[in-house]
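Before any comments, here is the structure.
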Amino acid sequence: MQPSRIDLLKITQVQDAQLERSGETITGTLHLTVHHLIFHHPDEELWIPYPIIHTVERQPPSFQSGRHPLYIKCRDFMIITLSLLKDGEAQDVFDSIQKLACVTSIEQLYAYSYQPEIPFTSDDGWNIYNPLKEYRRMGVGVKSNMWRLSTINKDYTYSPTYPRTLIVPSKISDNVLNYAAKYRSKARIPALSYLHWHNAATITRSSQPLVGFKQARSIQDEKLIESIFSTNVPKGPNGEVIYGSTPANLIVDARPMANAVGNVARGAGTENMDHYRNCKKIYVAIDNIHVMRDSLAKLSEAMQGVEASGGQINRNALQKSGWLKHISTVMDGAMTIVKSVHVFNSHVLVHCSDGWDRTAQLVSLSELCLDPYYRTFEGFQVLIEKEWVSFGHKFEDRCGHLSNEKYFVNLANTGGNAATNTIKDMQNKFYKSNYYQRETSPVFHQFLDCVYQLICTYPTRFEFNEKMLLDLHYHVYSCQFGTFLFNCEKDRTQLHPQDKTYSIWDYFNSNKSKFTNTVYDPMKDKDLVDGGGVLMTESLTVKYWASLFKRKDDEVNIPVVYGTISSTTSISSSTEAT
């Protein structure tokens, strides 16, 4: 803990404070510490870490009670109103939360001072993912000699946002990789994510090609992808190649076509398929981070309900949020990849713009469906570490860990009209201002939502339960653990969080019984009637994740089916820049 931060506390305790939550009001004592807002009541104690606070609005005094309200929205969708007796106390609490929530460096976050009340029984969380061990488990160097480990990024100078460990085709030299890097955004070249146990088909991932107006091409990039796509060409009994035994391999551009083509103006774009042999390309049409942020804002507002009707859900607003359409698009894209790999024996290369948002969603969900190991308690942790943490999802930026003072608005002294400010007005300011929220987006949240959909559809096929997903969502924002604080593996390596913070996997592994699915049946993965270990469906019923929003399932859900896999490319797309 940095001692100077305690000086930011203008007040540490407020007696006779009222807390309103979910229509109930209780009276207790409010405590402020360097890392928490704590409300103590004889029946319960509510601890709120500052990083999970999304917005604080200091409202004008209540006409009824004369108290001074602080309206607080949290990133886990909890909403509370703290009403204090004195104006000065309300201002001091507001100022203290603002200063303590708005940190300027990762090392000021809660994870760097957190100590578990009861020591964890598991302590190998930082080592749960060993890339060499994991790729060997898949069969690299064991079942297949078509792939090799490249050390070209061992010091993160080749591609600063990529993992140190890269698996590439054996026939491709590091010299070819050096040239290929110049043709991919951020030098995020096509690299192996997954080798399928059933047929050695693969999923690789990358960023967009730098095509531009001049329609640039790279012979090295084309050679790299051709090598990837030829790593499991079937052979006959005498070793002869059997041509025509597999359909075309697949390049999956996760973006809407308009967005992909629009990036040409920025010197990037999408593959010119005249230059890539034996493959085809599809667009999944997943909208960009700004569209998703706006959709979640509308969903959150609808989930709050209409105050005049006692907090009843606004079903019309739920539908208008478009959230289920977005979830369905991601799920359909993943199912397309699953079918291509498992049924058609095809290789699939996945990318979006930079390859760390939509790509991570599609690749990790596909692997979750293809490989029963990733549906185990340990395997799910390995999957997240590999595809999200190691391959450089920008947790720091997307989750807004370094909060901004614009999240805090003081309306207490703005005149009589201030009382007419509605939460909708506030959301227009907080959620939709790209000026200060340009990089935040619920990308990992959407992944967890999709996993929730799979658990609902296949309740016996996952060793972990919904509680684990809920806690993952909470802790990705709470900053209690060091696992999800950084933008890439390089940042994590340089700041050594393993020496100063706890891994979230130690928390889960020390409390495994709480997060274990009681109806999990691993034998289902050995039964050919149940897909032989692969989860695959033509259409998927998606529903709102009610418990994430502190709602009951029957309050929000009338199941809706948004089409089939074949309809993914026809979903309306946004032309907003990616």
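Ligands are numbered from 1 in the order shown, chains are lettered A, B, ... in the order of the structure tokens, and residues start at 1 in each chain.
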Taking only C-alpha atoms into account, produce a table as a tab-separated table in which each residue of segment 179-287 of chain A with an atom at most 7 Å from an atom of segment 352-361 of chain A appears once, together with its shortest atom pair and the distance in Å to one decimal, ordered by chain and rising number.
residue	atom	partner	partner_atom	distance
A:Ser185	CA	A:Asp354	CA	6.1
A:Ser206	CA	A:Gly355	CA	5.5
A:Ser207	CA	A:Gly355	CA	4.4
A:Gln208	CA	A:Ser353	CA	5.0
A:Asp253	CA	A:Cys352	CA	5.6
A:Ala254	CA	A:Cys352	CA	5.0
A:Arg255	CA	A:Cys352	CA	5.8
Just write the chosen residues, C-alpha atoms, as a PDB file, in the first residue's frame.
ATOM      1  CA  SER A 185      -1.217  -4.869 -37.620  1.00  0.00           C
ATOM      2  CA  SER A 206      -3.813 -12.872 -35.987  1.00  0.00           C
ATOM      3  CA  SER A 207      -4.567  -9.203 -36.604  1.00  0.00           C
ATOM      4  CA  GLN A 208      -5.789  -7.648 -39.863  1.00  0.00           C
ATOM      5  CA  ASP A 253     -12.929 -11.937 -40.304  1.00  0.00           C
ATOM      6  CA  ALA A 254     -14.876 -11.223 -37.116  1.00  0.00           C
ATOM      7  CA  ARG A 255     -15.929  -7.733 -38.248  1.00  0.00           C
TER       8      ARG A 255
END
Inset, instruction - Could you give me, as a PyMOL selection string, the residues within 8 Å of segment 494-508 of chain A, counting only C-alpha atoms and dropping anything in the same chain fewer than 5 positions from it? - result: chain A and resi 111-114+120-126+128+381+468+481-483+515
Legend entry - Those of segment 17-236 of chain A in DSSP strand (DSSP E or B), formatted as a VMD selection string: chain A and resid 17 to 21 24 to 32 36 to 41 44 to 49 53 to 58 68 to 74 79 to 84 140 144 147 to 150 166 to 169 184 191 to 195 202 to 206 209 235
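Between atom CA of Tyr135 of chain A and atom CA of Asp521 of chain A the interatomic distance comes to 25.4 Å.
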Inset, instruction - Give me the residues within 6 Å of segment 262-273 of chain A as a PyMOL selection string, counting only C-alpha atoms and dropping any in the same chain fewer than 5 places off. - result: chain A and resi 209-213
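The neighbours of Glu45 of chain A here are the residues that come within 12 Å of it, using only C-alpha atoms and leaving out any residue fewer than 2 positions away in the same chain; they are Leu19, Ile26, Thr27, Gly28, Thr29, Leu30, His31, His36, Leu37, Ile38, Phe39, His40, His41, Pro42, Asp43, Trp47 and Ile48 of chain A.
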Inset, instruction - Write out as number ranges by chain which residues come within 10 Å of Lys86 of chain A when counting only C-alpha atoms, dropping same-chain ones fewer than 3 positions away. - result: A: 14, 17, 61, 66-68, 83, 89-91
Would you put the residues from that selection into a file with C-alpha atoms, as a PDB file, in the first residue's frame?
ATOM      1  CA  VAL A  14     -20.235   8.579   9.034  1.00  0.00           C
ATOM      2  CA  ALA A  17     -26.122   6.788   7.192  1.00  0.00           C
ATOM      3  CA  PRO A  61     -30.962  17.238  -0.824  1.00  0.00           C
ATOM      4  CA  GLY A  66     -33.570  16.482   4.092  1.00  0.00           C
ATOM      5  CA  ARG A  67     -30.714  13.991   3.638  1.00  0.00           C
ATOM      6  CA  HIS A  68     -27.930  14.400   1.076  1.00  0.00           C
ATOM      7  CA  SER A  83     -28.148   9.303   2.158  1.00  0.00           C
ATOM      8  CA  GLU A  89     -20.200  14.806   5.208  1.00  0.00           C
ATOM      9  CA  ALA A  90     -21.722  14.060   1.805  1.00  0.00           C
ATOM     10  CA  GLN A  91     -19.171  16.294   0.106  1.00  0.00           C
TER      11      GLN A  91
END
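The residue that comes closest to Val534 of chain A, out of A:His445, A:Lys320, A:Lys339, A:Arg148 and on the basis of only C-alpha atoms, is A:Lys339.
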Legend entry - Surrounding residues of segment 446-451 of chain A excluding itself and chain neighbours under 6 positions, 9 Å, only C-alpha atoms, as a VMD selection string: chain A and resid 292 326 to 328 330 to 331 360 to 362 364 to 365 368 466 469 to 470 472 to 473 542 544 to 545
May I have the residues from that selection written out with N, CA, C and O atoms, as a PDB file, in the first residue's frame?
ATOM      1  N   MET A 292     -20.800  -2.152 -28.670  1.00  0.00           N
ATOM      2  CA  MET A 292     -21.042  -3.054 -27.537  1.00  0.00           C
ATOM      3  C   MET A 292     -21.172  -2.276 -26.233  1.00  0.00           C
ATOM      4  O   MET A 292     -21.995  -2.616 -25.376  1.00  0.00           O
ATOM      5  N   HIS A 326     -26.230  -9.355 -30.281  1.00  0.00           N
ATOM      6  CA  HIS A 326     -24.767  -9.391 -30.266  1.00  0.00           C
ATOM      7  C   HIS A 326     -24.249 -10.728 -29.722  1.00  0.00           C
ATOM      8  O   HIS A 326     -23.312 -11.315 -30.290  1.00  0.00           O
ATOM      9  N   ILE A 327     -24.856 -11.204 -28.640  1.00  0.00           N
ATOM     10  CA  ILE A 327     -24.436 -12.487 -28.064  1.00  0.00           C
ATOM     11  C   ILE A 327     -24.655 -13.605 -29.079  1.00  0.00           C
ATOM     12  O   ILE A 327     -23.802 -14.481 -29.272  1.00  0.00           O
ATOM     13  N   SER A 328     -25.802 -13.574 -29.755  1.00  0.00           N
ATOM     14  CA  SER A 328     -26.121 -14.592 -30.756  1.00  0.00           C
ATOM     15  C   SER A 328     -25.119 -14.572 -31.908  1.00  0.00           C
ATOM     16  O   SER A 328     -24.710 -15.629 -32.413  1.00  0.00           O
ATOM     17  N   VAL A 330     -21.946 -13.625 -31.833  1.00  0.00           N
ATOM     18  CA  VAL A 330     -20.687 -14.216 -31.367  1.00  0.00           C
ATOM     19  C   VAL A 330     -20.816 -15.739 -31.294  1.00  0.00           C
ATOM     20  O   VAL A 330     -19.931 -16.482 -31.755  1.00  0.00           O
ATOM     21  N   MET A 331     -21.918 -16.214 -30.730  1.00  0.00           N
ATOM     22  CA  MET A 331     -22.124 -17.655 -30.592  1.00  0.00           C
ATOM     23  C   MET A 331     -22.194 -18.347 -31.951  1.00  0.00           C
ATOM     24  O   MET A 331     -21.594 -19.409 -32.154  1.00  0.00           O
ATOM     25  N   ALA A 360     -10.384 -12.925 -29.673  1.00  0.00           N
ATOM     26  CA  ALA A 360     -10.306 -13.679 -28.419  1.00  0.00           C
ATOM     27  C   ALA A 360     -11.640 -14.338 -28.089  1.00  0.00           C
ATOM     28  O   ALA A 360     -11.684 -15.490 -27.635  1.00  0.00           O
ATOM     29  N   GLN A 361     -12.740 -13.627 -28.336  1.00  0.00           N
ATOM     30  CA  GLN A 361     -14.063 -14.190 -28.081  1.00  0.00           C
ATOM     31  C   GLN A 361     -14.298 -15.453 -28.919  1.00  0.00           C
ATOM     32  O   GLN A 361     -14.664 -16.517 -28.400  1.00  0.00           O
ATOM     33  N   LEU A 362     -14.091 -15.336 -30.232  1.00  0.00           N
ATOM     34  CA  LEU A 362     -14.387 -16.443 -31.143  1.00  0.00           C
ATOM     35  C   LEU A 362     -13.476 -17.641 -30.911  1.00  0.00           C
ATOM     36  O   LEU A 362     -13.928 -18.790 -30.882  1.00  0.00           O
ATOM     37  N   SER A 364     -11.633 -18.494 -28.186  1.00  0.00           N
ATOM     38  CA  SER A 364     -11.789 -19.168 -26.889  1.00  0.00           C
ATOM     39  C   SER A 364     -13.111 -19.928 -26.811  1.00  0.00           C
ATOM     40  O   SER A 364     -13.165 -21.038 -26.268  1.00  0.00           O
ATOM     41  N   LEU A 365     -14.184 -19.360 -27.333  1.00  0.00           N
ATOM     42  CA  LEU A 365     -15.468 -20.075 -27.326  1.00  0.00           C
ATOM     43  C   LEU A 365     -15.421 -21.325 -28.198  1.00  0.00           C
ATOM     44  O   LEU A 365     -15.974 -22.369 -27.846  1.00  0.00           O
ATOM     45  N   LEU A 368     -13.554 -23.969 -26.338  1.00  0.00           N
ATOM     46  CA  LEU A 368     -14.383 -24.454 -25.237  1.00  0.00           C
ATOM     47  C   LEU A 368     -15.355 -25.531 -25.733  1.00  0.00           C
ATOM     48  O   LEU A 368     -15.632 -26.512 -25.037  1.00  0.00           O
ATOM     49  N   GLU A 466     -22.105 -21.512 -12.724  1.00  0.00           N
ATOM     50  CA  GLU A 466     -22.394 -20.097 -12.995  1.00  0.00           C
ATOM     51  C   GLU A 466     -21.762 -19.194 -11.951  1.00  0.00           C
ATOM     52  O   GLU A 466     -21.343 -18.068 -12.260  1.00  0.00           O
ATOM     53  N   LEU A 469     -18.514 -17.928 -13.058  1.00  0.00           N
ATOM     54  CA  LEU A 469     -18.622 -16.866 -14.062  1.00  0.00           C
ATOM     55  C   LEU A 469     -18.961 -15.538 -13.407  1.00  0.00           C
ATOM     56  O   LEU A 469     -18.405 -14.489 -13.770  1.00  0.00           O
ATOM     57  N   LEU A 470     -19.874 -15.552 -12.442  1.00  0.00           N
ATOM     58  CA  LEU A 470     -20.255 -14.326 -11.744  1.00  0.00           C
ATOM     59  C   LEU A 470     -19.070 -13.740 -10.985  1.00  0.00           C
ATOM     60  O   LEU A 470     -18.844 -12.521 -11.000  1.00  0.00           O
ATOM     61  N   LEU A 472     -15.881 -14.273 -11.665  1.00  0.00           N
ATOM     62  CA  LEU A 472     -14.913 -13.781 -12.656  1.00  0.00           C
ATOM     63  C   LEU A 472     -15.299 -12.382 -13.117  1.00  0.00           C
ATOM     64  O   LEU A 472     -14.444 -11.494 -13.220  1.00  0.00           O
ATOM     65  N   HIS A 473     -16.585 -12.182 -13.399  1.00  0.00           N
ATOM     66  CA  HIS A 473     -17.034 -10.860 -13.829  1.00  0.00           C
ATOM     67  C   HIS A 473     -16.775  -9.825 -12.739  1.00  0.00           C
ATOM     68  O   HIS A 473     -16.290  -8.721 -13.010  1.00  0.00           O
ATOM     69  N   VAL A 542     -30.767 -18.029 -26.903  1.00  0.00           N
ATOM     70  CA  VAL A 542     -30.018 -17.159 -26.005  1.00  0.00           C
ATOM     71  C   VAL A 542     -30.987 -16.434 -25.089  1.00  0.00           C
ATOM     72  O   VAL A 542     -32.132 -16.183 -25.459  1.00  0.00           O
ATOM     73  N   TYR A 544     -31.218 -13.525 -21.457  1.00  0.00           N
ATOM     74  CA  TYR A 544     -30.518 -12.554 -20.630  1.00  0.00           C
ATOM     75  C   TYR A 544     -29.949 -13.241 -19.393  1.00  0.00           C
ATOM     76  O   TYR A 544     -30.609 -14.093 -18.774  1.00  0.00           O
ATOM     77  N   TRP A 545     -28.752 -12.849 -19.023  1.00  0.00           N
ATOM     78  CA  TRP A 545     -28.082 -13.398 -17.844  1.00  0.00           C
ATOM     79  C   TRP A 545     -28.616 -12.650 -16.629  1.00  0.00           C
ATOM     80  O   TRP A 545     -28.007 -11.721 -16.120  1.00  0.00           O
TER      81      TRP A 545
END
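Minimum distance to Glu463 of chain A across A:Ser513, A:Gln215, A:Asn145, A:Asn130 (counting only C-alpha atoms) occurs at A:Ser513.
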Inset, instruction - List every residue of segment 46-100 of chain A that DSSP, applied to the backbone, labels as alpha helix (DSSP H), and write the result as a ChimeraX atom specification. - result: /A:87-100
Now that the selection is made, can you save its residues with all heavy atoms as an mmCIF file, in the first residue's frame?
data_model
loop_
_atom_site.group_PDB
_atom_site.id
_atom_site.type_symbol
_atom_site.label_atom_id
_atom_site.label_comp_id
_atom_site.auth_asym_id
_atom_site.auth_seq_id
_atom_site.Cartn_x
_atom_site.Cartn_y
_atom_site.Cartn_z
ATOM 1 N N ASP A 87 -24.521 18.008 4.886
ATOM 2 C CA ASP A 87 -24.013 18.368 3.562
ATOM 3 C C ASP A 87 -22.494 18.206 3.497
ATOM 4 O O ASP A 87 -21.945 17.685 2.526
ATOM 5 C CB ASP A 87 -24.406 19.818 3.237
ATOM 6 C CG ASP A 87 -23.894 20.259 1.875
ATOM 7 O OD1 ASP A 87 -24.380 19.723 0.873
ATOM 8 O OD2 ASP A 87 -22.989 21.120 1.825
ATOM 9 N N GLY A 88 -21.806 18.623 4.542
ATOM 10 C CA GLY A 88 -20.345 18.531 4.568
ATOM 11 C C GLY A 88 -19.859 17.103 4.524
ATOM 12 O O GLY A 88 -18.862 16.787 3.859
ATOM 13 N N GLU A 89 -20.573 16.217 5.229
ATOM 14 C CA GLU A 89 -20.200 14.806 5.208
ATOM 15 C C GLU A 89 -20.374 14.215 3.813
ATOM 16 O O GLU A 89 -19.515 13.467 3.332
ATOM 17 C CB GLU A 89 -21.052 14.022 6.209
ATOM 18 C CG GLU A 89 -20.731 14.305 7.666
ATOM 19 C CD GLU A 89 -21.655 13.564 8.626
ATOM 20 O OE1 GLU A 89 -22.752 13.154 8.201
ATOM 21 O OE2 GLU A 89 -21.257 13.392 9.801
ATOM 22 N N ALA A 90 -21.477 14.559 3.162
ATOM 23 C CA ALA A 90 -21.722 14.060 1.805
ATOM 24 C C ALA A 90 -20.625 14.518 0.856
ATOM 25 O O ALA A 90 -20.144 13.750 0.019
ATOM 26 C CB ALA A 90 -23.084 14.515 1.308
ATOM 27 N N GLN A 91 -20.220 15.764 0.990
ATOM 28 C CA GLN A 91 -19.171 16.294 0.106
ATOM 29 C C GLN A 91 -17.836 15.615 0.380
ATOM 30 O O GLN A 91 -17.091 15.271 -0.547
ATOM 31 C CB GLN A 91 -19.030 17.804 0.300
ATOM 32 C CG GLN A 91 -18.082 18.468 -0.702
ATOM 33 C CD GLN A 91 -18.550 18.318 -2.147
ATOM 34 O OE1 GLN A 91 -19.716 18.571 -2.445
ATOM 35 N NE2 GLN A 91 -17.657 17.890 -3.025
ATOM 36 N N ASP A 92 -17.527 15.407 1.674
ATOM 37 C CA ASP A 92 -16.256 14.759 2.022
ATOM 38 C C ASP A 92 -16.223 13.308 1.534
ATOM 39 O O ASP A 92 -15.193 12.831 1.050
ATOM 40 C CB ASP A 92 -16.036 14.796 3.544
ATOM 41 C CG ASP A 92 -15.656 16.185 4.039
ATOM 42 O OD1 ASP A 92 -15.332 17.041 3.194
ATOM 43 O OD2 ASP A 92 -15.688 16.405 5.273
ATOM 44 N N VAL A 93 -17.349 12.594 1.657
ATOM 45 C CA VAL A 93 -17.404 11.216 1.164
ATOM 46 C C VAL A 93 -17.253 11.195 -0.353
ATOM 47 O O VAL A 93 -16.489 10.402 -0.910
ATOM 48 C CB VAL A 93 -18.733 10.539 1.586
ATOM 49 C CG1 VAL A 93 -18.902 9.192 0.872
ATOM 50 C CG2 VAL A 93 -18.777 10.351 3.099
ATOM 51 N N PHE A 94 -17.953 12.101 -1.027
ATOM 52 C CA PHE A 94 -17.866 12.207 -2.485
ATOM 53 C C PHE A 94 -16.426 12.470 -2.921
ATOM 54 O O PHE A 94 -15.885 11.793 -3.808
ATOM 55 C CB PHE A 94 -18.776 13.337 -2.960
ATOM 56 C CG PHE A 94 -18.760 13.589 -4.448
ATOM 57 C CD1 PHE A 94 -19.580 12.864 -5.296
ATOM 58 C CD2 PHE A 94 -17.912 14.550 -4.999
ATOM 59 C CE1 PHE A 94 -19.563 13.094 -6.673
ATOM 60 C CE2 PHE A 94 -17.896 14.790 -6.365
ATOM 61 C CZ PHE A 94 -18.729 14.058 -7.201
ATOM 62 N N ASP A 95 -15.775 13.432 -2.286
ATOM 63 C CA ASP A 95 -14.396 13.786 -2.648
ATOM 64 C C ASP A 95 -13.434 12.633 -2.376
ATOM 65 O O ASP A 95 -12.528 12.363 -3.173
ATOM 66 C CB ASP A 95 -13.943 15.025 -1.865
ATOM 67 C CG ASP A 95 -14.666 16.293 -2.310
ATOM 68 O OD1 ASP A 95 -15.244 16.288 -3.422
ATOM 69 O OD2 ASP A 95 -14.665 17.276 -1.536
ATOM 70 N N SER A 96 -13.635 11.957 -1.245
ATOM 71 C CA SER A 96 -12.729 10.865 -0.881
ATOM 72 C C SER A 96 -12.834 9.700 -1.863
ATOM 73 O O SER A 96 -11.822 9.156 -2.318
ATOM 74 C CB SER A 96 -13.032 10.374 0.541
ATOM 75 O OG SER A 96 -12.820 11.413 1.487
ATOM 76 N N ILE A 97 -14.089 9.320 -2.192
ATOM 77 C CA ILE A 97 -14.269 8.222 -3.159
ATOM 78 C C ILE A 97 -13.642 8.604 -4.498
ATOM 79 O O ILE A 97 -12.966 7.801 -5.141
ATOM 80 C CB ILE A 97 -15.764 7.889 -3.343
ATOM 81 C CG1 ILE A 97 -16.376 7.391 -2.037
ATOM 82 C CG2 ILE A 97 -15.943 6.828 -4.431
ATOM 83 C CD1 ILE A 97 -17.881 7.171 -2.116
ATOM 84 N N GLN A 98 -13.848 9.842 -4.905
ATOM 85 C CA GLN A 98 -13.331 10.290 -6.196
ATOM 86 C C GLN A 98 -11.809 10.173 -6.247
ATOM 87 O O GLN A 98 -11.244 9.636 -7.205
ATOM 88 C CB GLN A 98 -13.750 11.732 -6.454
ATOM 89 C CG GLN A 98 -13.285 12.274 -7.802
ATOM 90 C CD GLN A 98 -13.783 13.685 -8.052
ATOM 91 O OE1 GLN A 98 -14.102 14.404 -7.117
ATOM 92 N NE2 GLN A 98 -13.859 14.074 -9.304
ATOM 93 N N LYS A 99 -11.139 10.662 -5.210
ATOM 94 C CA LYS A 99 -9.677 10.658 -5.217
ATOM 95 C C LYS A 99 -9.118 9.237 -5.106
ATOM 96 O O LYS A 99 -8.096 8.912 -5.713
ATOM 97 C CB LYS A 99 -9.144 11.516 -4.070
ATOM 98 C CG LYS A 99 -9.500 12.989 -4.187
ATOM 99 C CD LYS A 99 -9.011 13.590 -5.508
ATOM 100 C CE LYS A 99 -9.377 15.059 -5.624
ATOM 101 N NZ LYS A 99 -9.062 15.594 -6.985
ATOM 102 N N LEU A 100 -9.801 8.382 -4.327
ATOM 103 C CA LEU A 100 -9.278 7.038 -4.112
ATOM 104 C C LEU A 100 -9.628 6.085 -5.260
ATOM 105 O O LEU A 100 -8.913 5.116 -5.507
ATOM 106 C CB LEU A 100 -9.803 6.479 -2.788
ATOM 107 C CG LEU A 100 -9.185 7.168 -1.561
ATOM 108 C CD1 LEU A 100 -10.022 6.921 -0.324
ATOM 109 C CD2 LEU A 100 -7.755 6.681 -1.346
#
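Note that the spacing between atom CA of Asn316 of chain A and atom CA of Val291 of chain A amounts to 18.8 Å.
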